[in-house]
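With mmCIF, C-alpha atoms inside, this is model_21.cif:
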```cif
data_coords
loop_
_atom_site.label_atom_id
_atom_site.label_comp_id
_atom_site.auth_asym_id
_atom_site.auth_seq_id
_atom_site.Cartn_x
_atom_site.Cartn_y
_atom_site.Cartn_z
CA MET J 2 -2.86 61.09 22.07
CA ALA J 3 -0.37 63.88 21.53
CA GLY J 4 2.33 63.27 18.94
CA ILE J 5 4.87 65.03 16.80
CA GLN J 6 3.56 67.79 14.55
CA ASN J 7 5.87 67.36 11.56
CA ARG J 8 6.41 64.67 8.98
CA TYR J 9 9.99 63.45 8.50
CA ASP J 10 11.71 61.49 5.75
CA PHE J 11 15.32 60.43 6.24
CA VAL J 12 18.33 58.77 4.64
CA TYR J 13 20.53 56.58 6.83
CA LEU J 14 23.97 55.37 5.75
CA PHE J 15 26.02 52.83 7.67
CA ASP J 16 28.89 50.53 6.80
CA VAL J 17 30.41 47.20 7.78
CA THR J 18 34.04 46.06 7.66
CA ASN J 19 34.90 42.35 7.80
CA GLY J 20 31.54 41.35 9.24
CA ASN J 21 28.12 39.96 8.47
CA PRO J 22 25.58 42.77 8.93
CA ASN J 23 22.50 40.55 8.48
CA GLY J 24 22.84 36.82 7.84
CA ASP J 25 20.17 34.85 5.98
CA PRO J 26 19.22 31.69 7.94
CA ASP J 27 17.78 30.14 4.76
CA ALA J 28 21.18 30.44 3.05
CA GLY J 29 23.55 29.11 5.71
CA ASN J 30 23.75 32.57 7.33
CA LEU J 31 25.33 34.13 4.26
CA PRO J 32 25.07 37.94 4.13
CA ARG J 33 21.78 38.84 2.48
CA MET J 34 22.06 39.76 -1.20
CA ASP J 35 19.94 40.68 -4.18
CA PRO J 36 20.72 37.71 -6.48
CA GLU J 37 20.26 39.75 -9.66
CA THR J 38 22.54 42.66 -8.76
CA SER J 39 24.74 41.22 -5.94
CA LEU J 40 23.91 44.29 -3.88
CA GLY J 41 23.93 43.59 -0.14
CA LEU J 42 20.70 43.81 1.87
CA VAL J 43 19.91 44.48 5.52
CA THR J 44 16.28 44.04 6.52
CA ASP J 45 14.19 46.64 8.29
CA VAL J 46 13.59 44.08 11.06
CA CYS J 47 17.36 43.89 11.69
CA LEU J 48 17.63 47.67 12.06
CA LYS J 49 14.57 47.86 14.31
CA ARG J 50 16.08 45.17 16.54
CA LYS J 51 19.15 47.33 17.07
CA VAL J 52 16.98 50.36 17.90
CA ARG J 53 15.06 48.28 20.44
CA ASN J 54 18.30 47.05 21.98
CA PHE J 55 19.62 50.61 22.28
CA VAL J 56 16.45 51.83 23.99
CA ALA J 57 16.44 48.84 26.34
CA LEU J 58 20.09 49.43 27.22
CA THR J 59 19.88 53.18 27.76
CA SER J 60 16.42 54.03 29.03
CA GLU J 61 14.04 51.08 29.45
CA SER J 62 13.71 51.83 33.17
CA ARG J 63 12.23 55.23 32.35
CA GLU J 64 8.50 55.81 32.03
CA ARG J 65 7.07 55.04 28.57
CA ARG J 66 10.30 53.31 27.48
CA LYS J 67 9.48 49.61 27.92
CA ILE J 68 10.27 47.32 24.98
CA TYR J 69 7.51 45.00 23.78
CA VAL J 70 9.50 42.61 21.57
CA THR J 71 12.46 41.38 23.61
CA GLU J 72 14.46 38.18 23.57
CA ASN J 73 12.48 35.28 25.14
CA ALA J 74 9.55 37.59 25.89
CA ILE J 75 6.09 36.04 26.30
CA LEU J 76 3.82 38.47 24.48
CA ASN J 77 0.67 37.38 26.29
CA ASP J 78 2.33 38.32 29.59
CA GLN J 79 2.91 41.80 28.16
CA HIS J 80 -0.77 41.99 27.19
CA ARG J 81 -1.95 40.90 30.65
CA GLN J 82 -0.39 44.06 32.07
CA ALA J 83 -2.87 46.13 30.08
CA TYR J 84 -5.82 43.97 31.17
CA ARG J 85 -4.83 44.38 34.83
CA VAL J 86 -5.13 48.15 34.42
CA VAL J 87 -8.28 48.19 32.30
CA ARG J 88 -10.03 45.47 34.37
CA PRO J 89 -8.72 46.08 37.91
CA ASP J 90 -11.51 44.03 39.55
CA SER J 91 -11.25 40.97 37.29
CA LYS J 92 -10.06 37.76 38.97
CA ASP J 93 -9.48 35.60 35.90
CA ILE J 94 -6.79 37.64 34.10
CA GLU J 95 -3.92 35.54 35.46
CA THR J 96 -5.57 32.19 34.73
CA SER J 97 -7.44 32.80 31.48
CA LYS J 98 -5.80 31.48 28.33
CA LYS J 99 -7.96 33.72 26.15
CA LEU J 100 -8.99 37.33 26.72
CA SER J 101 -10.64 39.78 24.34
CA PRO J 102 -11.99 43.30 24.79
CA GLN J 103 -15.67 43.28 25.65
CA THR J 104 -16.49 46.68 24.13
CA ASP J 105 -15.00 49.04 21.58
CA ASP J 106 -14.18 51.45 24.40
CA GLU J 107 -12.26 48.75 26.27
CA ALA J 108 -10.41 47.81 23.08
CA ARG J 109 -9.29 51.42 22.68
CA LYS J 110 -8.15 51.59 26.31
CA LEU J 111 -6.12 48.38 25.99
CA THR J 112 -4.38 49.57 22.83
CA LYS J 113 -3.81 53.03 24.29
CA TRP J 114 -2.17 51.54 27.40
CA MET J 115 0.16 49.40 25.28
CA CYS J 116 1.14 52.43 23.18
CA ALA J 117 1.68 54.60 26.25
CA ASN J 118 4.04 52.11 27.90
CA PHE J 119 5.98 50.42 25.08
CA TYR J 120 8.33 52.54 23.01
CA ASP J 121 8.58 50.10 20.09
CA ILE J 122 4.79 49.84 19.74
CA ARG J 123 4.48 53.63 19.44
CA SER J 124 7.38 53.70 17.01
CA PHE J 125 7.06 50.60 14.82
CA GLY J 126 3.60 49.28 15.57
CA ALA J 127 2.60 45.76 16.58
CA VAL J 128 0.09 43.01 15.90
CA MET J 129 -1.25 42.13 19.34
CA GLY J 130 -4.15 39.92 18.28
CA THR J 131 -2.95 36.86 20.18
CA SER J 132 -5.13 34.80 22.48
CA ILE J 133 -4.75 37.67 24.96
CA ASN J 134 -5.93 40.31 22.50
CA CYS J 135 -4.81 43.95 22.67
CA GLY J 136 -5.52 44.90 19.07
CA GLN J 137 -3.25 46.11 16.30
CA VAL J 138 -1.18 49.28 15.97
CA ARG J 139 0.37 50.87 12.90
CA GLY J 140 3.55 52.59 14.04
CA ALA J 141 4.72 56.10 13.26
CA ILE J 142 8.10 54.96 11.84
CA GLN J 143 8.56 52.85 8.73
CA LEU J 144 11.97 51.67 7.50
CA THR J 145 13.00 50.21 4.17
CA PHE J 146 15.54 47.46 3.58
CA ALA J 147 19.05 48.88 3.47
CA ARG J 148 20.90 48.27 0.19
CA SER J 149 24.62 48.49 -0.43
CA ALA J 150 25.99 51.21 -2.70
CA GLU J 151 27.92 48.65 -4.77
CA PRO J 152 27.84 44.86 -5.20
CA ILE J 153 29.32 42.97 -2.26
CA MET J 154 31.59 39.92 -2.38
CA PRO J 155 30.81 37.69 0.64
CA LEU J 156 33.73 35.59 1.82
CA GLU J 157 33.57 32.29 3.65
CA ILE J 158 36.35 32.12 6.23
CA SER J 159 37.52 28.86 7.82
CA ILE J 160 38.01 28.98 11.57
CA THR J 161 39.27 26.39 14.05
CA ARG J 162 38.73 25.61 17.70
CA MET J 163 41.64 24.04 19.57
CA ALA J 164 39.73 22.68 22.58
CA ALA J 165 37.80 19.41 22.64
CA THR J 166 34.19 19.32 23.81
CA ASN J 167 34.61 16.31 26.08
CA GLU J 168 36.98 13.48 27.00
CA ALA J 169 35.60 11.12 24.34
CA GLU J 170 36.17 13.68 21.60
CA LYS J 171 39.70 14.36 22.81
CA LYS J 172 40.53 10.63 22.85
CA SER J 173 39.16 10.05 19.35
CA LYS J 174 41.13 12.97 17.96
CA GLN J 175 44.34 11.80 19.57
CA GLU J 176 44.19 8.39 17.95
CA GLY J 177 46.21 8.59 14.75
CA ALA J 178 46.39 12.41 14.70
CA ASP J 179 49.55 14.45 14.89
CA GLU J 180 49.97 16.90 17.76
CA ARG J 181 49.24 19.94 15.59
CA THR J 182 45.62 18.97 14.81
CA GLU J 183 44.55 16.56 17.52
CA ASN J 184 42.00 18.91 19.17
CA ARG J 185 41.00 21.13 16.26
CA THR J 186 37.38 21.54 15.21
CA MET J 187 36.71 23.28 11.91
CA GLY J 188 34.05 25.92 11.41
CA ARG J 189 32.95 28.63 8.97
CA LYS J 190 32.02 32.28 9.21
CA HIS J 191 30.80 34.60 6.49
CA ILE J 192 31.93 38.20 6.13
CA VAL J 193 31.59 41.17 3.82
CA PRO J 194 35.07 42.76 3.45
CA TYR J 195 33.43 46.18 3.16
CA GLY J 196 29.98 47.49 2.36
CA LEU J 197 28.30 50.90 2.58
CA TYR J 198 24.55 50.48 3.07
CA ARG J 199 21.74 52.99 2.57
CA ALA J 200 18.26 52.81 4.13
CA HIS J 201 15.32 55.18 3.83
CA GLY J 202 12.83 55.95 6.56
CA PHE J 203 9.51 57.72 7.01
CA ILE J 204 7.97 59.20 10.15
CA ASN J 205 4.24 59.82 9.80
CA ALA J 206 2.90 62.60 12.04
CA LYS J 207 -0.70 61.47 11.65
CA LEU J 208 0.13 57.96 12.83
CA ALA J 209 2.26 59.48 15.61
CA GLU J 210 -0.85 61.32 16.78
CA ARG J 211 -2.66 58.00 17.14
CA THR J 212 0.13 56.16 18.95
CA GLY J 213 1.45 59.06 21.06
CA PHE J 214 4.91 59.10 19.45
CA ASP J 215 6.17 62.49 20.65
CA ASP J 216 9.22 64.73 20.34
CA ASP J 217 11.06 62.92 23.16
CA ASP J 218 10.51 59.63 21.33
CA LEU J 219 11.84 61.19 18.15
CA THR J 220 14.98 62.44 19.86
CA LEU J 221 15.58 58.96 21.28
CA PHE J 222 15.14 57.44 17.83
CA TRP J 223 17.73 59.79 16.31
CA ASP J 224 20.09 58.95 19.18
CA ALA J 225 19.57 55.24 18.52
CA LEU J 226 20.44 55.58 14.83
CA LYS J 227 23.56 57.53 15.73
CA SER J 228 24.86 55.19 18.44
CA MET J 229 23.19 51.77 18.25
CA PHE J 230 26.16 50.06 16.54
CA GLU J 231 28.44 51.22 19.36
CA HIS J 232 26.54 48.90 21.72
CA ASP J 233 26.08 45.99 19.31
CA ARG J 234 29.64 44.81 18.85
CA SER J 235 30.31 41.14 18.11
CA ALA J 236 32.86 39.05 16.22
CA ALA J 237 30.18 38.09 13.69
CA ARG J 238 29.23 41.65 12.76
CA GLY J 239 32.75 42.99 12.50
CA GLU J 240 33.01 46.76 12.64
CA MET J 241 29.75 48.55 11.90
CA SER J 242 29.39 52.34 12.03
CA ALA J 243 26.70 54.94 11.44
CA ARG J 244 28.07 57.29 8.77
CA LYS J 245 25.34 59.72 7.69
CA LEU J 246 21.83 60.61 8.85
CA ILE J 247 20.04 63.22 6.79
CA ALA J 248 16.48 64.10 7.81
CA PHE J 249 13.96 66.14 5.83
CA LYS J 250 11.62 67.92 8.22
CA HIS J 251 8.30 69.00 6.74
CA LYS J 252 6.49 72.04 8.02
CA ASP J 253 3.13 70.25 7.93
CA ALA J 254 1.98 66.92 9.29
CA LEU J 255 1.01 65.70 5.82
CA GLY J 256 4.27 66.84 4.26
CA ASN J 257 5.35 69.48 1.76
CA ALA J 258 7.20 67.42 -0.86
CA HIS J 259 7.43 63.88 -2.21
CA ALA J 260 9.84 61.65 -0.33
CA HIS J 261 11.57 60.30 -3.45
CA GLU J 262 12.37 63.83 -4.62
CA LEU J 263 14.02 64.56 -1.28
CA PHE J 264 15.97 61.29 -1.28
CA ASP J 265 17.38 62.17 -4.71
CA ARG J 266 19.18 65.07 -3.04
CA VAL J 267 21.47 62.60 -1.26
CA THR J 268 23.95 60.94 -3.63
CA VAL J 269 26.76 58.48 -2.98
CA ARG J 270 29.77 58.59 -5.33
CA ARG J 271 33.02 56.69 -5.49
CA PHE J 272 36.20 58.59 -4.67
CA HIS J 273 39.37 57.36 -6.36
CA ASP J 274 42.72 58.95 -7.12
CA GLY J 275 41.51 62.38 -6.02
CA GLU J 276 38.34 62.39 -8.16
CA GLU J 277 34.67 61.61 -7.65
CA PHE J 278 32.88 59.17 -9.95
CA ALA J 279 29.31 57.99 -10.29
CA ILE J 280 28.77 54.45 -9.03
CA GLY J 281 29.37 52.10 -11.96
CA ASP J 282 31.42 54.59 -14.00
CA LYS J 283 33.49 52.70 -16.57
CA ARG J 284 36.57 54.66 -15.54
CA LEU J 285 36.47 52.74 -12.24
CA HIS J 286 36.91 49.43 -14.04
CA ASN J 287 40.52 49.06 -12.97
CA ALA J 288 40.13 50.76 -9.59
CA PRO J 289 40.48 48.57 -6.48
CA PRO J 290 37.23 47.71 -4.68
CA ALA J 291 36.08 50.00 -1.91
CA ARG J 292 37.45 48.97 1.47
CA ALA J 293 36.72 52.05 3.61
CA PHE J 294 34.22 54.90 3.94
CA SER J 295 36.93 57.22 2.61
CA ASP J 296 36.46 55.50 -0.78
CA TYR J 297 33.09 57.25 -1.07
CA ARG J 298 31.76 60.78 -1.03
CA VAL J 299 28.24 61.50 0.23
CA ASN J 300 26.83 64.70 -1.22
CA VAL J 301 23.71 66.46 0.09
CA ASN J 302 22.09 69.06 -2.15
CA THR J 303 20.89 71.71 0.31
CA ALA J 304 20.28 74.42 -2.31
CA ASN J 305 16.72 75.64 -2.81
CA PRO J 306 14.83 73.00 -0.84
CA PRO J 307 11.10 72.72 -1.52
CA PRO J 308 8.99 75.29 0.38
CA GLY J 309 8.19 74.02 3.83
CA VAL J 310 11.05 71.48 3.98
CA GLU J 311 14.09 71.81 6.24
CA ILE J 312 17.18 69.66 5.65
CA LEU J 313 18.81 68.42 8.86
CA GLN J 314 22.24 66.76 8.71
CA LEU J 315 22.19 64.87 12.02
CA ILE J 316 25.43 62.97 11.32
#
```

Once you've parsed the file, please lay out its structure as structure tokens.
Amino acid sequence: MAGIQNRYDFVYLFDVTNGNPNGDPDAGNLPRMDPETSLGLVTDVCLKRKVRNFVALTSESRERRKIYVTENAILNDQHRQAYRVVRPDSKDIETSKKLSPQTDDEARKLTKWMCANFYDIRSFGAVMGTSINCGQVRGAIQLTFARSAEPIMPLEISITRMAATNEAEKKSKQEGADERTENRTMGRKHIVPYGLYRAHGFINAKLAERTGFDDDDLTLFWDALKSMFEHDRSAARGEMSARKLIAFKHKDALGNAHAHELFDRVTVRRFHDGEEFAIGDKRLHNAPPARAFSDYRVNVNTANPPPGVEILQLI
């Protein structure tokens, strides 16, 4: 399979205002946090979901742009599509509850077909070893958890609903209640007043060669990171925006520098009263908490990059 020829490492910065970027279902949907540092977290799975949604919204009808993991999808039905192509004369594909490749060559063909047709399999990989088995793929793109630049302070906001669910509920609320509260139902929502989050990503050219992740796929991925929040608006997530995307393009497929050394070239500093400060500087002790992207400065050191590395500021 043809794939991209260069390795990429990238830094992705996004922010949230008065929203919950990634609730934790095991904690009453509170925004995810590191309990030791109170830094906010957004999982890689959450970010990949938004990429998938962007691709599905903008180009799923195009060739090679199907999405494997979609809401309410039956994965075995996705796998049967590959078996129909690889075994065109088989009559039991639709009725069999269990299918497995009969030879190594057939296993490769099944996996290759899934990679060729599903964008998210080429990009992120997939475990397709269900009862209708299409193998396992390690994707070209890997994402880390995003972590906030500073500790977040989640707020629990009370909300009310004025309408009753049914006649019985309305009648029970009217009995003994004053007219201001007779139909109100209380609820809760959790928000982060403001948080700037940073994620790191890695695009492996050697894995791209195996899955067929090509330059068109890469361009679509960059477009998704730039615009996916524009198509993911909801009251729960508040206002989320992509702020910075800095990619380090390596000349060679195996890379020309260590990723952590490149990531150190991107620094986030607080901006207050006309000056920049390191995060956690004691002089910020009496400064108000950050409530906008303008309260930060993102600096990219582009001087003397390692040989064979090009710095691309995509946002």

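Considering all atoms listed in the file, the residue among J:Leu219, J:Ala209, J:Val70, J:Leu40 positioned nearest to Arg53 in chain J is J:Val70.
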
(message) Could you list, as number ranges by chain, every residue matched by the PyMOL selection byres ((chain J and resi 115-126) around 9) in this structure?
(response) J: 2, 49, 52-53, 56, 61, 64-70, 79-80, 82-83, 110-114, 127-128, 135, 137-144, 204, 209, 211-214, 218-219, 222

Taking C-alpha atoms for each residue, export the selection above as an mmCIF file, in the coordinates of the input.
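What follows is the written file again-v2.cif:
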```
data_model
loop_
_atom_site.group_PDB
_atom_site.id
_atom_site.type_symbol
_atom_site.label_atom_id
_atom_site.label_comp_id
_atom_site.auth_asym_id
_atom_site.auth_seq_id
_atom_site.Cartn_x
_atom_site.Cartn_y
_atom_site.Cartn_z
ATOM 1 C CA MET J 2 -2.860 61.090 22.070
ATOM 2 C CA LYS J 49 14.570 47.860 14.310
ATOM 3 C CA VAL J 52 16.980 50.360 17.900
ATOM 4 C CA ARG J 53 15.060 48.280 20.440
ATOM 5 C CA VAL J 56 16.450 51.830 23.990
ATOM 6 C CA GLU J 61 14.040 51.080 29.450
ATOM 7 C CA GLU J 64 8.500 55.810 32.030
ATOM 8 C CA ARG J 65 7.070 55.040 28.570
ATOM 9 C CA ARG J 66 10.300 53.310 27.480
ATOM 10 C CA LYS J 67 9.480 49.610 27.920
ATOM 11 C CA ILE J 68 10.270 47.320 24.980
ATOM 12 C CA TYR J 69 7.510 45.000 23.780
ATOM 13 C CA VAL J 70 9.500 42.610 21.570
ATOM 14 C CA GLN J 79 2.910 41.800 28.160
ATOM 15 C CA HIS J 80 -0.770 41.990 27.190
ATOM 16 C CA GLN J 82 -0.390 44.060 32.070
ATOM 17 C CA ALA J 83 -2.870 46.130 30.080
ATOM 18 C CA LYS J 110 -8.150 51.590 26.310
ATOM 19 C CA LEU J 111 -6.120 48.380 25.990
ATOM 20 C CA THR J 112 -4.380 49.570 22.830
ATOM 21 C CA LYS J 113 -3.810 53.030 24.290
ATOM 22 C CA TRP J 114 -2.170 51.540 27.400
ATOM 23 C CA ALA J 127 2.600 45.760 16.580
ATOM 24 C CA VAL J 128 0.090 43.010 15.900
ATOM 25 C CA CYS J 135 -4.810 43.950 22.670
ATOM 26 C CA GLN J 137 -3.250 46.110 16.300
ATOM 27 C CA VAL J 138 -1.180 49.280 15.970
ATOM 28 C CA ARG J 139 0.370 50.870 12.900
ATOM 29 C CA GLY J 140 3.550 52.590 14.040
ATOM 30 C CA ALA J 141 4.720 56.100 13.260
ATOM 31 C CA ILE J 142 8.100 54.960 11.840
ATOM 32 C CA GLN J 143 8.560 52.850 8.730
ATOM 33 C CA LEU J 144 11.970 51.670 7.500
ATOM 34 C CA ILE J 204 7.970 59.200 10.150
ATOM 35 C CA ALA J 209 2.260 59.480 15.610
ATOM 36 C CA ARG J 211 -2.660 58.000 17.140
ATOM 37 C CA THR J 212 0.130 56.160 18.950
ATOM 38 C CA GLY J 213 1.450 59.060 21.060
ATOM 39 C CA PHE J 214 4.910 59.100 19.450
ATOM 40 C CA ASP J 218 10.510 59.630 21.330
ATOM 41 C CA LEU J 219 11.840 61.190 18.150
ATOM 42 C CA PHE J 222 15.140 57.440 17.830
#
```

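Using all atoms listed in the file, the shortest contact distance between His232 in chain J and any of J:Pro289, J:Leu58, J:Thr186, J:Thr44 is found at J:Leu58.
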
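For the file shown, the residue list from the PyMOL selection byres ((chain J and resi 247) around 7) reads Phe11, Val12, Tyr13, Lys245, Leu246, Ala248, Phe249, Leu313, Gln314 and Leu315 of chain J.
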
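Once the PyMOL selection byres ((chain J and resi 17-20) around 9) is applied to the shown structure, the selection contains J:Phe15, J:Asp16, J:Asn21, J:Pro22, J:Pro32, J:His191, J:Ile192, J:Val193, J:Pro194, J:Tyr195, J:Gly196, J:Leu197, J:Tyr198, J:Ser235, J:Ala236, J:Ala237, J:Arg238, J:Gly239, J:Glu240, J:Met241, J:Ser242, J:Arg292, J:Ala293.
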
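Counting only C-alpha atoms and comparing J:Ala304, J:Ala74, J:Ala150, J:Met187, the residue that lies closest to Ala279 in chain J is J:Ala150.
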
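The gap separating CA of Arg199 in chain J from CA of Ser295 in chain J is 15.8 Å, in Å to one decimal.
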
(request) Have a look at J:Phe272, J:Phe55, J:Phe264, J:Phe203 and name the one nearest to Ala291 in chain J; count all atoms listed in the file. (result) J:Phe272

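One distance worth recording is that between CA of Ile160 in chain J and CA of Lys190 in chain J, which is 7.2 Å.
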
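Among the candidates J:Pro155, J:Pro89, J:Gly136, J:Gly4, the residue lying nearest to Arg33 in chain J is J:Pro155 (atoms considered: all atoms listed in the file).
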
(message) Please compute the CA of Leu76 in chain J-CA of Lys99 in chain J distance, one decimal, in Å.
(response) 12.8 Å

(request) Write out as number ranges by chain which residues come within 9 Å of Pro307 in chain J when counting all atoms listed in the file, dropping same-chain ones fewer than 6 positions away. (result) J: 257-258, 263

(request) For Arg266 in chain J, please output as a PyMOL selection string all residues within 8 Å (counting all atoms listed in the file; exclusion window: fewer than 2 positions along the same chain). (result) chain J and resi 262-264+268+300-303

Any chance you could build range 98-110 of chain J out to N, CA and C atoms and write it as a CSV table (one decimal), keeping the file's coordinate frame?
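Okay, rebuild-v7.csv is ready:
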```csv
chain,number,residue,atom,x,y,z
J,98,LYS,N,-6.7,31.7,29.5
J,98,LYS,CA,-5.8,31.5,28.3
J,98,LYS,C,-6.2,32.3,27.1
J,99,LYS,N,-7.4,32.9,27.2
J,99,LYS,CA,-8.0,33.7,26.2
J,99,LYS,C,-8.7,34.9,26.7
J,100,LEU,N,-8.3,36.1,26.3
J,100,LEU,CA,-9.0,37.3,26.7
J,100,LEU,C,-9.2,38.2,25.5
J,101,SER,N,-10.3,38.8,25.4
J,101,SER,CA,-10.6,39.8,24.3
J,101,SER,C,-11.4,41.0,24.9
J,102,PRO,N,-11.2,42.1,24.3
J,102,PRO,CA,-12.0,43.3,24.8
J,102,PRO,C,-13.5,43.1,24.6
J,103,GLN,N,-14.2,43.5,25.6
J,103,GLN,CA,-15.7,43.3,25.6
J,103,GLN,C,-16.4,44.4,24.9
J,104,THR,N,-15.9,45.6,24.8
J,104,THR,CA,-16.5,46.7,24.1
J,104,THR,C,-15.4,47.4,23.3
J,105,ASP,N,-15.9,48.2,22.4
J,105,ASP,CA,-15.0,49.0,21.6
J,105,ASP,C,-14.2,50.0,22.5
J,106,ASP,N,-14.9,50.5,23.5
J,106,ASP,CA,-14.2,51.4,24.4
J,106,ASP,C,-13.1,50.7,25.2
J,107,GLU,N,-13.3,49.5,25.6
J,107,GLU,CA,-12.3,48.8,26.3
J,107,GLU,C,-11.1,48.4,25.3
J,108,ALA,N,-11.5,48.1,24.1
J,108,ALA,CA,-10.4,47.8,23.1
J,108,ALA,C,-9.5,49.0,22.9
J,109,ARG,N,-10.1,50.2,22.8
J,109,ARG,CA,-9.3,51.4,22.7
J,109,ARG,C,-8.4,51.6,23.9
J,110,LYS,N,-8.9,51.4,25.1
J,110,LYS,CA,-8.2,51.6,26.3
J,110,LYS,C,-7.0,50.6,26.4
```
